[in-house]
Structures are given as C-alpha cells and as structure tokens.
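Quick look at work.cif (mmCIF, N, CA and C atoms):
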```
data_coords
#
loop_
_atom_site.label_atom_id
_atom_site.label_comp_id
_atom_site.auth_asym_id
_atom_site.auth_seq_id
_atom_site.Cartn_x
_atom_site.Cartn_y
_atom_site.Cartn_z
N MET A 18 -11.43 -48.34 13.80
CA MET A 18 -10.58 -48.59 14.95
C MET A 18 -9.12 -48.41 14.57
N THR A 19 -8.79 -47.33 13.98
CA THR A 19 -7.41 -47.11 13.56
C THR A 19 -6.50 -46.70 14.71
N ASP A 20 -7.06 -46.41 15.87
CA ASP A 20 -6.24 -45.99 17.00
C ASP A 20 -5.86 -47.16 17.91
N MET A 21 -6.03 -48.39 17.44
CA MET A 21 -5.68 -49.55 18.25
C MET A 21 -4.19 -49.54 18.55
N LYS A 22 -3.87 -49.90 19.78
CA LYS A 22 -2.48 -49.94 20.20
C LYS A 22 -1.89 -51.30 19.85
N THR A 23 -1.12 -51.33 18.76
CA THR A 23 -0.44 -52.54 18.33
C THR A 23 1.03 -52.21 18.21
N ALA A 24 1.85 -53.24 18.08
CA ALA A 24 3.28 -52.97 18.05
C ALA A 24 3.94 -53.53 16.82
N THR A 25 4.53 -52.67 16.08
CA THR A 25 5.58 -53.05 15.15
C THR A 25 6.81 -52.24 15.54
N ASP A 26 6.58 -51.19 16.32
CA ASP A 26 7.64 -50.32 16.82
C ASP A 26 7.51 -50.29 18.33
N PHE A 27 8.50 -50.80 19.04
CA PHE A 27 8.42 -50.86 20.49
C PHE A 27 8.63 -49.51 21.17
N GLY A 28 9.19 -48.53 20.47
CA GLY A 28 9.43 -47.25 21.11
C GLY A 28 10.50 -47.37 22.18
N ASP A 29 10.32 -46.63 23.28
CA ASP A 29 11.28 -46.61 24.38
C ASP A 29 11.09 -47.85 25.25
N LEU A 30 12.02 -48.78 25.19
CA LEU A 30 11.91 -50.02 25.94
C LEU A 30 11.87 -49.80 27.45
N ASP A 31 12.48 -48.71 27.92
CA ASP A 31 12.50 -48.44 29.36
C ASP A 31 11.12 -48.11 29.91
N THR A 32 10.21 -47.69 29.06
CA THR A 32 8.88 -47.30 29.54
C THR A 32 7.82 -48.37 29.29
N MET A 33 8.23 -49.53 28.80
CA MET A 33 7.27 -50.59 28.51
C MET A 33 6.80 -51.28 29.78
N GLY A 34 5.57 -51.81 29.69
CA GLY A 34 5.03 -52.62 30.75
C GLY A 34 5.42 -54.08 30.55
N PRO A 35 5.06 -54.93 31.49
CA PRO A 35 5.36 -56.35 31.36
C PRO A 35 4.69 -56.95 30.12
N ILE A 36 5.35 -57.94 29.54
CA ILE A 36 4.85 -58.63 28.36
C ILE A 36 4.37 -60.02 28.78
N ASP A 37 3.18 -60.39 28.36
CA ASP A 37 2.61 -61.70 28.65
C ASP A 37 2.19 -62.37 27.36
N TYR A 38 1.94 -63.65 27.44
CA TYR A 38 1.37 -64.37 26.31
C TYR A 38 0.29 -65.32 26.81
N LEU A 39 -0.63 -65.62 25.93
CA LEU A 39 -1.69 -66.59 26.20
C LEU A 39 -1.82 -67.51 25.00
N ILE A 40 -2.09 -68.77 25.28
CA ILE A 40 -2.48 -69.71 24.24
C ILE A 40 -3.87 -70.18 24.64
N VAL A 41 -4.85 -69.87 23.82
CA VAL A 41 -6.23 -70.24 24.12
C VAL A 41 -6.65 -71.34 23.15
N GLU A 42 -6.92 -72.52 23.71
CA GLU A 42 -7.30 -73.67 22.88
C GLU A 42 -8.80 -73.68 22.67
N PHE A 43 -9.21 -74.02 21.46
CA PHE A 43 -10.61 -74.14 21.10
C PHE A 43 -10.87 -75.58 20.67
N PRO A 44 -11.42 -76.41 21.58
CA PRO A 44 -11.70 -77.81 21.26
C PRO A 44 -12.57 -77.94 20.01
N GLY A 45 -12.18 -78.86 19.15
CA GLY A 45 -12.92 -79.07 17.92
C GLY A 45 -12.86 -77.87 16.98
N SER A 46 -11.93 -76.97 17.25
CA SER A 46 -11.78 -75.74 16.46
C SER A 46 -13.07 -74.92 16.43
N ARG A 47 -13.86 -75.00 17.49
CA ARG A 47 -15.11 -74.23 17.58
C ARG A 47 -14.84 -72.92 18.31
N MET A 48 -14.80 -71.86 17.57
CA MET A 48 -14.65 -70.51 18.13
C MET A 48 -15.97 -69.77 17.93
N THR A 49 -16.43 -69.13 18.98
CA THR A 49 -17.70 -68.39 18.87
C THR A 49 -17.49 -66.92 18.56
N GLY A 50 -16.30 -66.40 18.83
CA GLY A 50 -16.06 -64.98 18.64
C GLY A 50 -16.53 -64.14 19.80
N GLU A 51 -17.06 -64.78 20.84
CA GLU A 51 -17.62 -64.06 21.99
C GLU A 51 -16.60 -63.17 22.69
N GLY A 52 -15.34 -63.57 22.71
CA GLY A 52 -14.32 -62.79 23.41
C GLY A 52 -13.75 -61.64 22.59
N VAL A 53 -14.01 -61.61 21.30
CA VAL A 53 -13.41 -60.60 20.43
C VAL A 53 -13.72 -59.18 20.90
N PRO A 54 -14.99 -58.81 21.13
CA PRO A 54 -15.26 -57.43 21.55
C PRO A 54 -14.59 -57.07 22.89
N LEU A 55 -14.47 -58.06 23.77
CA LEU A 55 -13.85 -57.79 25.07
C LEU A 55 -12.35 -57.52 24.92
N LEU A 56 -11.69 -58.29 24.07
CA LEU A 56 -10.27 -58.06 23.80
C LEU A 56 -10.07 -56.70 23.14
N LEU A 57 -10.89 -56.40 22.15
CA LEU A 57 -10.78 -55.11 21.46
C LEU A 57 -11.01 -53.95 22.42
N ASP A 58 -11.91 -54.13 23.39
CA ASP A 58 -12.17 -53.10 24.39
C ASP A 58 -10.94 -52.86 25.27
N LEU A 59 -10.25 -53.93 25.66
CA LEU A 59 -9.03 -53.77 26.46
C LEU A 59 -7.97 -52.97 25.71
N VAL A 60 -7.89 -53.20 24.41
CA VAL A 60 -6.94 -52.47 23.58
C VAL A 60 -7.37 -51.01 23.45
N ALA A 61 -8.65 -50.79 23.15
CA ALA A 61 -9.16 -49.43 22.95
C ALA A 61 -9.02 -48.59 24.21
N LYS A 62 -9.15 -49.21 25.38
CA LYS A 62 -9.03 -48.49 26.66
C LYS A 62 -7.58 -48.25 27.07
N GLY A 63 -6.64 -48.85 26.33
CA GLY A 63 -5.23 -48.66 26.67
C GLY A 63 -4.77 -49.55 27.81
N THR A 64 -5.50 -50.61 28.10
CA THR A 64 -5.11 -51.53 29.16
C THR A 64 -3.99 -52.44 28.69
N ILE A 65 -4.10 -52.88 27.44
CA ILE A 65 -3.07 -53.73 26.84
C ILE A 65 -2.75 -53.23 25.44
N ARG A 66 -1.60 -53.69 24.94
CA ARG A 66 -1.22 -53.46 23.54
C ARG A 66 -0.87 -54.82 22.95
N ILE A 67 -1.53 -55.15 21.86
CA ILE A 67 -1.27 -56.41 21.18
C ILE A 67 0.06 -56.31 20.45
N LEU A 68 0.96 -57.22 20.77
CA LEU A 68 2.25 -57.27 20.09
C LEU A 68 2.21 -58.29 18.96
N ASP A 69 1.57 -59.41 19.20
CA ASP A 69 1.43 -60.46 18.18
C ASP A 69 0.11 -61.19 18.43
N LEU A 70 -0.51 -61.60 17.34
CA LEU A 70 -1.72 -62.39 17.40
C LEU A 70 -1.68 -63.39 16.26
N ALA A 71 -1.78 -64.66 16.59
CA ALA A 71 -1.73 -65.70 15.57
C ALA A 71 -2.75 -66.78 15.91
N PHE A 72 -3.19 -67.47 14.88
CA PHE A 72 -4.12 -68.58 15.04
C PHE A 72 -3.55 -69.80 14.33
N ILE A 73 -3.70 -70.95 14.96
CA ILE A 73 -3.22 -72.20 14.36
C ILE A 73 -4.28 -73.28 14.53
N THR A 74 -4.21 -74.29 13.68
CA THR A 74 -4.97 -75.52 13.87
C THR A 74 -3.97 -76.66 13.95
N LYS A 75 -4.32 -77.66 14.74
CA LYS A 75 -3.47 -78.84 14.87
C LYS A 75 -4.24 -80.02 14.30
N ASN A 76 -3.73 -80.61 13.25
CA ASN A 76 -4.38 -81.72 12.58
C ASN A 76 -4.22 -83.01 13.38
N ALA A 77 -5.01 -84.01 13.03
CA ALA A 77 -4.98 -85.30 13.73
C ALA A 77 -3.59 -85.93 13.71
N ASP A 78 -2.82 -85.67 12.64
CA ASP A 78 -1.47 -86.23 12.55
C ASP A 78 -0.42 -85.39 13.26
N GLY A 79 -0.85 -84.29 13.93
CA GLY A 79 0.07 -83.45 14.69
C GLY A 79 0.64 -82.28 13.92
N THR A 80 0.42 -82.23 12.61
CA THR A 80 0.91 -81.08 11.84
C THR A 80 0.07 -79.86 12.17
N ILE A 81 0.68 -78.69 12.02
CA ILE A 81 -0.06 -77.46 12.31
C ILE A 81 -0.16 -76.61 11.05
N ASN A 82 -1.21 -75.82 11.04
CA ASN A 82 -1.43 -74.87 9.97
C ASN A 82 -1.72 -73.52 10.59
N ALA A 83 -1.09 -72.49 10.05
CA ALA A 83 -1.44 -71.13 10.45
C ALA A 83 -2.77 -70.78 9.80
N VAL A 84 -3.59 -70.04 10.52
CA VAL A 84 -4.89 -69.63 10.01
C VAL A 84 -4.89 -68.11 9.88
N LYS A 85 -5.17 -67.64 8.68
CA LYS A 85 -5.25 -66.19 8.46
C LYS A 85 -6.59 -65.68 8.96
N ILE A 86 -6.56 -64.51 9.56
CA ILE A 86 -7.79 -63.90 10.06
C ILE A 86 -8.82 -63.77 8.95
N ALA A 87 -8.38 -63.40 7.77
CA ALA A 87 -9.30 -63.22 6.64
C ALA A 87 -10.00 -64.51 6.26
N ASP A 88 -9.40 -65.67 6.60
CA ASP A 88 -9.98 -66.96 6.24
C ASP A 88 -10.87 -67.55 7.34
N MET A 89 -10.95 -66.86 8.49
CA MET A 89 -11.74 -67.38 9.60
C MET A 89 -13.23 -67.14 9.35
N ASP A 90 -14.02 -68.16 9.68
CA ASP A 90 -15.46 -68.07 9.54
C ASP A 90 -16.08 -68.08 10.94
N VAL A 91 -15.71 -67.09 11.74
CA VAL A 91 -16.16 -67.00 13.11
C VAL A 91 -16.77 -65.62 13.32
N GLU A 92 -17.91 -65.60 13.98
CA GLU A 92 -18.55 -64.32 14.25
C GLU A 92 -17.59 -63.43 15.03
N GLY A 93 -17.37 -62.24 14.56
CA GLY A 93 -16.49 -61.28 15.22
C GLY A 93 -15.03 -61.39 14.85
N ALA A 94 -14.64 -62.49 14.22
CA ALA A 94 -13.22 -62.69 13.90
C ALA A 94 -12.72 -61.63 12.93
N LYS A 95 -13.55 -61.18 12.04
CA LYS A 95 -13.13 -60.17 11.06
C LYS A 95 -12.67 -58.89 11.75
N GLU A 96 -13.18 -58.65 12.98
CA GLU A 96 -12.74 -57.47 13.72
C GLU A 96 -11.26 -57.53 14.07
N PHE A 97 -10.69 -58.75 14.10
CA PHE A 97 -9.26 -58.90 14.35
C PHE A 97 -8.44 -58.36 13.18
N GLY A 98 -9.08 -58.10 12.06
CA GLY A 98 -8.38 -57.59 10.89
C GLY A 98 -7.57 -56.34 11.19
N VAL A 99 -7.97 -55.58 12.20
CA VAL A 99 -7.22 -54.38 12.59
C VAL A 99 -5.80 -54.73 13.02
N PHE A 100 -5.58 -55.99 13.45
CA PHE A 100 -4.27 -56.41 13.91
C PHE A 100 -3.44 -57.08 12.82
N GLU A 101 -4.03 -57.35 11.66
CA GLU A 101 -3.27 -58.00 10.59
C GLU A 101 -2.09 -57.14 10.18
N GLY A 102 -0.94 -57.77 10.07
CA GLY A 102 0.26 -57.04 9.69
C GLY A 102 1.01 -56.46 10.87
N ALA A 103 0.35 -56.35 12.03
CA ALA A 103 1.03 -55.86 13.23
C ALA A 103 1.77 -57.03 13.85
N SER A 104 3.08 -56.95 13.86
CA SER A 104 3.86 -58.05 14.39
C SER A 104 5.13 -57.52 15.03
N SER A 105 5.41 -58.00 16.22
CA SER A 105 6.63 -57.61 16.91
C SER A 105 7.79 -58.50 16.50
N GLY A 106 7.48 -59.63 15.87
CA GLY A 106 8.50 -60.60 15.53
C GLY A 106 8.75 -61.61 16.64
N LEU A 107 7.99 -61.53 17.72
CA LEU A 107 8.17 -62.46 18.83
C LEU A 107 7.59 -63.85 18.54
N LEU A 108 6.61 -63.92 17.64
CA LEU A 108 6.01 -65.21 17.29
C LEU A 108 6.52 -65.67 15.94
N GLY A 109 7.46 -66.56 15.98
CA GLY A 109 7.99 -67.15 14.75
C GLY A 109 7.55 -68.59 14.63
N HIS A 110 8.10 -69.29 13.67
CA HIS A 110 7.76 -70.69 13.42
C HIS A 110 7.99 -71.55 14.67
N GLU A 111 9.12 -71.34 15.33
CA GLU A 111 9.46 -72.13 16.51
C GLU A 111 8.43 -71.93 17.63
N GLU A 112 8.00 -70.68 17.83
CA GLU A 112 7.02 -70.39 18.88
C GLU A 112 5.66 -71.00 18.55
N LEU A 113 5.29 -70.99 17.27
CA LEU A 113 4.02 -71.60 16.87
C LEU A 113 4.07 -73.11 17.08
N GLN A 114 5.22 -73.72 16.80
CA GLN A 114 5.39 -75.15 17.05
C GLN A 114 5.26 -75.45 18.54
N GLU A 115 5.88 -74.62 19.35
CA GLU A 115 5.79 -74.81 20.81
C GLU A 115 4.36 -74.65 21.29
N ALA A 116 3.66 -73.65 20.76
CA ALA A 116 2.25 -73.44 21.13
C ALA A 116 1.42 -74.66 20.74
N ALA A 117 1.70 -75.22 19.58
CA ALA A 117 0.96 -76.38 19.10
C ALA A 117 1.13 -77.58 20.04
N SER A 118 2.29 -77.66 20.71
CA SER A 118 2.51 -78.78 21.62
C SER A 118 1.59 -78.70 22.84
N ALA A 119 1.02 -77.53 23.09
CA ALA A 119 0.14 -77.35 24.24
C ALA A 119 -1.32 -77.68 23.93
N ILE A 120 -1.64 -77.92 22.65
CA ILE A 120 -3.03 -78.19 22.30
C ILE A 120 -3.18 -79.60 21.73
N GLU A 121 -4.39 -80.11 21.80
CA GLU A 121 -4.69 -81.46 21.33
C GLU A 121 -4.94 -81.47 19.82
N PRO A 122 -4.64 -82.59 19.16
CA PRO A 122 -4.96 -82.72 17.74
C PRO A 122 -6.45 -82.51 17.50
N GLY A 123 -6.78 -81.88 16.38
CA GLY A 123 -8.17 -81.59 16.04
C GLY A 123 -8.67 -80.27 16.60
N ASN A 124 -7.83 -79.61 17.36
CA ASN A 124 -8.22 -78.34 17.97
C ASN A 124 -7.47 -77.18 17.32
N SER A 125 -7.91 -76.00 17.63
CA SER A 125 -7.22 -74.80 17.16
C SER A 125 -6.88 -73.95 18.37
N ALA A 126 -6.06 -72.93 18.14
CA ALA A 126 -5.65 -72.06 19.25
C ALA A 126 -5.37 -70.66 18.72
N GLY A 127 -5.61 -69.73 19.60
CA GLY A 127 -5.19 -68.36 19.37
C GLY A 127 -3.99 -68.10 20.26
N ILE A 128 -2.96 -67.48 19.72
CA ILE A 128 -1.75 -67.15 20.49
C ILE A 128 -1.66 -65.63 20.52
N LEU A 129 -1.62 -65.10 21.71
CA LEU A 129 -1.65 -63.65 21.90
C LEU A 129 -0.45 -63.23 22.74
N VAL A 130 0.34 -62.30 22.24
CA VAL A 130 1.44 -61.69 22.99
C VAL A 130 1.05 -60.23 23.18
N TYR A 131 1.06 -59.78 24.43
CA TYR A 131 0.57 -58.43 24.70
C TYR A 131 1.37 -57.76 25.81
N GLU A 132 1.39 -56.43 25.71
CA GLU A 132 2.02 -55.61 26.74
C GLU A 132 0.95 -55.14 27.70
N ASN A 133 1.24 -55.21 28.98
CA ASN A 133 0.34 -54.71 30.02
C ASN A 133 0.59 -53.21 30.20
N LEU A 134 -0.11 -52.41 29.40
CA LEU A 134 0.09 -50.95 29.47
C LEU A 134 -0.27 -50.39 30.83
N TRP A 135 -1.24 -50.99 31.48
CA TRP A 135 -1.67 -50.51 32.79
C TRP A 135 -0.53 -50.56 33.81
N ALA A 136 0.41 -51.49 33.63
CA ALA A 136 1.50 -51.68 34.59
C ALA A 136 2.76 -50.91 34.22
N ALA A 137 2.78 -50.29 33.04
CA ALA A 137 3.99 -49.62 32.57
C ALA A 137 4.49 -48.54 33.54
N PRO A 138 3.62 -47.63 34.04
CA PRO A 138 4.14 -46.61 34.98
C PRO A 138 4.74 -47.21 36.25
N LEU A 139 4.12 -48.26 36.77
CA LEU A 139 4.64 -48.92 37.97
C LEU A 139 5.98 -49.58 37.69
N ALA A 140 6.07 -50.28 36.56
CA ALA A 140 7.33 -50.93 36.19
C ALA A 140 8.44 -49.91 36.00
N LEU A 141 8.12 -48.78 35.38
CA LEU A 141 9.11 -47.72 35.18
C LEU A 141 9.58 -47.17 36.53
N ALA A 142 8.66 -46.94 37.45
CA ALA A 142 9.03 -46.42 38.77
C ALA A 142 9.95 -47.40 39.50
N TRP A 143 9.64 -48.69 39.41
CA TRP A 143 10.50 -49.68 40.06
C TRP A 143 11.88 -49.70 39.42
N ARG A 144 11.94 -49.63 38.09
CA ARG A 144 13.25 -49.63 37.41
C ARG A 144 14.05 -48.40 37.80
N ARG A 145 13.41 -47.24 37.86
CA ARG A 145 14.12 -46.02 38.27
C ARG A 145 14.65 -46.13 39.69
N GLY A 146 13.94 -46.87 40.52
CA GLY A 146 14.37 -47.07 41.91
C GLY A 146 15.37 -48.19 42.06
N GLY A 147 15.80 -48.79 40.94
CA GLY A 147 16.80 -49.84 40.99
C GLY A 147 16.22 -51.24 41.09
N GLY A 148 14.91 -51.35 41.11
CA GLY A 148 14.28 -52.67 41.21
C GLY A 148 14.25 -53.39 39.88
N GLN A 149 14.19 -54.68 39.97
CA GLN A 149 14.04 -55.48 38.76
C GLN A 149 13.21 -56.71 39.09
N VAL A 150 12.38 -57.12 38.18
CA VAL A 150 11.57 -58.32 38.38
C VAL A 150 12.49 -59.52 38.26
N VAL A 151 12.47 -60.37 39.27
CA VAL A 151 13.32 -61.56 39.26
C VAL A 151 12.50 -62.83 39.05
N ALA A 152 11.19 -62.72 39.16
CA ALA A 152 10.31 -63.85 38.89
C ALA A 152 8.90 -63.32 38.69
N SER A 153 8.14 -64.04 37.92
CA SER A 153 6.72 -63.72 37.78
C SER A 153 6.00 -65.00 37.43
N GLY A 154 4.73 -65.00 37.53
CA GLY A 154 3.96 -66.19 37.23
C GLY A 154 2.49 -65.87 37.25
N ARG A 155 1.72 -66.88 37.05
CA ARG A 155 0.28 -66.71 37.02
C ARG A 155 -0.33 -67.94 37.67
N ILE A 156 -1.34 -67.72 38.48
CA ILE A 156 -2.06 -68.82 39.12
C ILE A 156 -3.34 -69.03 38.32
N GLY A 157 -3.52 -70.21 37.79
CA GLY A 157 -4.70 -70.52 36.99
C GLY A 157 -5.95 -70.59 37.83
N VAL A 158 -7.06 -70.25 37.22
CA VAL A 158 -8.34 -70.26 37.92
C VAL A 158 -8.63 -71.65 38.48
N GLN A 159 -8.30 -72.70 37.75
CA GLN A 159 -8.54 -74.05 38.21
C GLN A 159 -7.78 -74.33 39.51
N ALA A 160 -6.55 -73.84 39.62
CA ALA A 160 -5.76 -74.05 40.83
C ALA A 160 -6.39 -73.30 42.01
N ILE A 161 -6.89 -72.12 41.78
CA ILE A 161 -7.54 -71.35 42.85
C ILE A 161 -8.81 -72.08 43.32
N LEU A 162 -9.61 -72.54 42.36
CA LEU A 162 -10.84 -73.26 42.72
C LEU A 162 -10.52 -74.53 43.50
N ALA A 163 -9.47 -75.25 43.08
CA ALA A 163 -9.08 -76.47 43.78
C ALA A 163 -8.64 -76.15 45.21
N ALA A 164 -7.89 -75.08 45.38
CA ALA A 164 -7.43 -74.68 46.73
C ALA A 164 -8.61 -74.27 47.60
N LEU A 165 -9.57 -73.57 47.03
CA LEU A 165 -10.75 -73.17 47.79
C LEU A 165 -11.59 -74.37 48.18
N ASP A 166 -11.72 -75.32 47.26
CA ASP A 166 -12.48 -76.55 47.55
C ASP A 166 -11.81 -77.34 48.66
N ALA A 167 -10.47 -77.33 48.68
CA ALA A 167 -9.73 -78.10 49.68
C ALA A 167 -9.80 -77.48 51.06
N SER A 168 -10.08 -76.16 51.14
CA SER A 168 -10.06 -75.53 52.46
C SER A 168 -11.40 -75.44 53.12
#
```

Take the structure I supplied and represent it as structure tokens, if you would.
Amino acid sequence: MTDMKTATDFGDLDTMGPIDYLIVEFPGSRMTGEGVPLLLDLVAKGTIRILDLAFITKNADGTINAVKIADMDVEGAKEFGVFEGASSGLLGHEELQEAASAIEPGNSAGILVYENLWAAPLALAWRRGGGQVVASGRIGVQAILAALDAS
C-alpha cells in the first residue's frame, strides 16, 4: 500500500479540501481493529487523506501515554504502519492533552486528522468564486436519533 495518500507535504493549499479531526474512544482500551480496513479503503479510494494519526491511553490517574502502532496488539492495527512517520505537525503534545480530556481514565483513543479529498474540487470552485466557509459543524448520530425519537 505504498500509494496511500498521507501528508507530510501539503502541496498547493488553495486546492485542499476541508480538514476534519476525530477522537475515537475505546472503553477499557479494547480495540478490535474492525474499522482499520474501512479507513484504509477510504484512503485508497482517494476519499480522504490522513494528515495525522495518533493513539493514546489515559491512565486512572489522568496521565496519558502515546501508543506506537508497532506496539499495538490489535487485529489489523499493524496495517496502520503505512501511516507511521506521516505527520503534518498538526498533532502536538498540546493537542494530545486536549484529546485526552475528552476520554475517560482507563480508556484509549485514536486521534485522526484528515483531509476530505472528495470535497476539494467543490471547495476550490467556491474559493475561486469568492466564497469562504464561515462556519461548519457536525451533527452526531445520537442527536439525530434523539430528534427522530422526539418527533
């Protein structure tokens, strides 16, 4: 998988798609690896480009530890090795600390920063037309389900 779209070089910033991040918490630090092939497929298809990928654990006392992909004992985790060394510099110590504040002690998390390649042509067209994104957000599945239940 040497053709994976990862970023250490952003290239032409004017042609980039929107950048998003996810923090995925794994209660009890139990990761199955089930999502790994799906994430790799999104990258291989050119839907997204991984800019940064990091894993942390949060100890009972609140301290955090970075987890190296090579040290993970999760089915499919070794496939993430293709991303080792690929870093945009967007995830530093401060960002990992902030991510850790979102998870409970005794749990682990994956932090993913990615470019939405699928949206890059649309974003470029809007920028050429003088448009600029002034707000964005995401509606969580739980909020949608709650709204549907309420109606």

Looking only at strand (DSSP E) from DSSP on the backbone, list the matching residues of chain A as a PyMOL selection string. chain A and resi 36-43+65-75+81-84+125-133

Can you pull out every residue from stretch 26-94 of chain A that DSSP, working from the backbone, puts in helix (DSSP H, G or I), and format the result as a ChimeraX atom specification? /A:30-32,44-46,53-61,86-88,94

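Put simply, the PyMOL selection byres (((chain A and resi 57 and name CA) around 10) and name CA) in this file takes in A:Met18, A:Met21, A:Lys22, A:Gly52, A:Val53, A:Pro54, A:Leu55, A:Leu56, A:Asp58, A:Leu59, A:Val60, A:Ala61, A:Lys62, A:Gly63, A:Ile65, A:Arg66, A:Ile67, A:Glu96, A:Phe97, A:Val99.
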
Of the candidates A:Val130, A:Ser125, A:Ser153, A:Trp143, which one gets nearest to A:Val41 if we count all atoms listed in the file? A:Ser125

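Of the listed residues (A:Met89, A:Ile128, A:Ala117, A:Ala83), A:Ile128 comes nearest to A:Leu70; the distances count all atoms listed in the file.
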
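Put simply, atom N of A:Ile73 is 5.2 Å away from atom N of A:Gly127.
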
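Proximity to A:Gly109 was assessed for A:Asp69, A:Asp37, A:Asp166, A:Glu42 counting only C-alpha atoms; the smallest distance is recorded for A:Asp69.
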
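Here atom CA of A:Glu121 and atom CA of A:Gly45 stand 9.2 Å from one another.
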
Point-to-point distance in Å for atom C of A:Val84 and atom C of A:Glu111: 15.9 Å

Quick one: residues within 5 Å of A:Ala137, only N, CA and C atoms counted, chain neighbours fewer than 3 positions away excluded, as a short mmCIF file (atom, residue, chain, number, x, y, z; two decimals) with N, CA and C atoms, in the coordinates of the input?
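Below is the file out-v6.cif, written as the result:
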```cif
data_model
loop_
_atom_site.label_atom_id
_atom_site.label_comp_id
_atom_site.auth_asym_id
_atom_site.auth_seq_id
_atom_site.Cartn_x
_atom_site.Cartn_y
_atom_site.Cartn_z
N MET A 33 8.23 -49.53 28.80
CA MET A 33 7.27 -50.59 28.51
C MET A 33 6.80 -51.28 29.78
N GLY A 34 5.57 -51.81 29.69
CA GLY A 34 5.03 -52.62 30.75
C GLY A 34 5.42 -54.08 30.55
N ASN A 133 1.24 -55.21 28.98
CA ASN A 133 0.34 -54.71 30.02
C ASN A 133 0.59 -53.21 30.20
N LEU A 134 -0.11 -52.41 29.40
CA LEU A 134 0.09 -50.95 29.47
C LEU A 134 -0.27 -50.39 30.83
N ALA A 140 6.07 -50.28 36.56
CA ALA A 140 7.33 -50.93 36.19
C ALA A 140 8.44 -49.91 36.00
N LEU A 141 8.12 -48.78 35.38
CA LEU A 141 9.11 -47.72 35.18
C LEU A 141 9.58 -47.17 36.53
#
```

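Distances from A:Thr49, A:Ile40, A:Val151, A:Ala71 to A:Ala119 were compared using all atoms listed in the file, and the smallest one belongs to A:Ile40.
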
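In terms of minimum interatomic distance to A:Ser104, A:Leu129 ranks closest within A:Asp88, A:Arg155, A:Leu129, A:Leu165, counting only C-alpha atoms.
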
Nearest to A:Thr80, chosen from A:Ile161, A:Pro122, A:Pro138, A:Ser168, with only N, CA and C atoms counted in the distances: A:Pro122
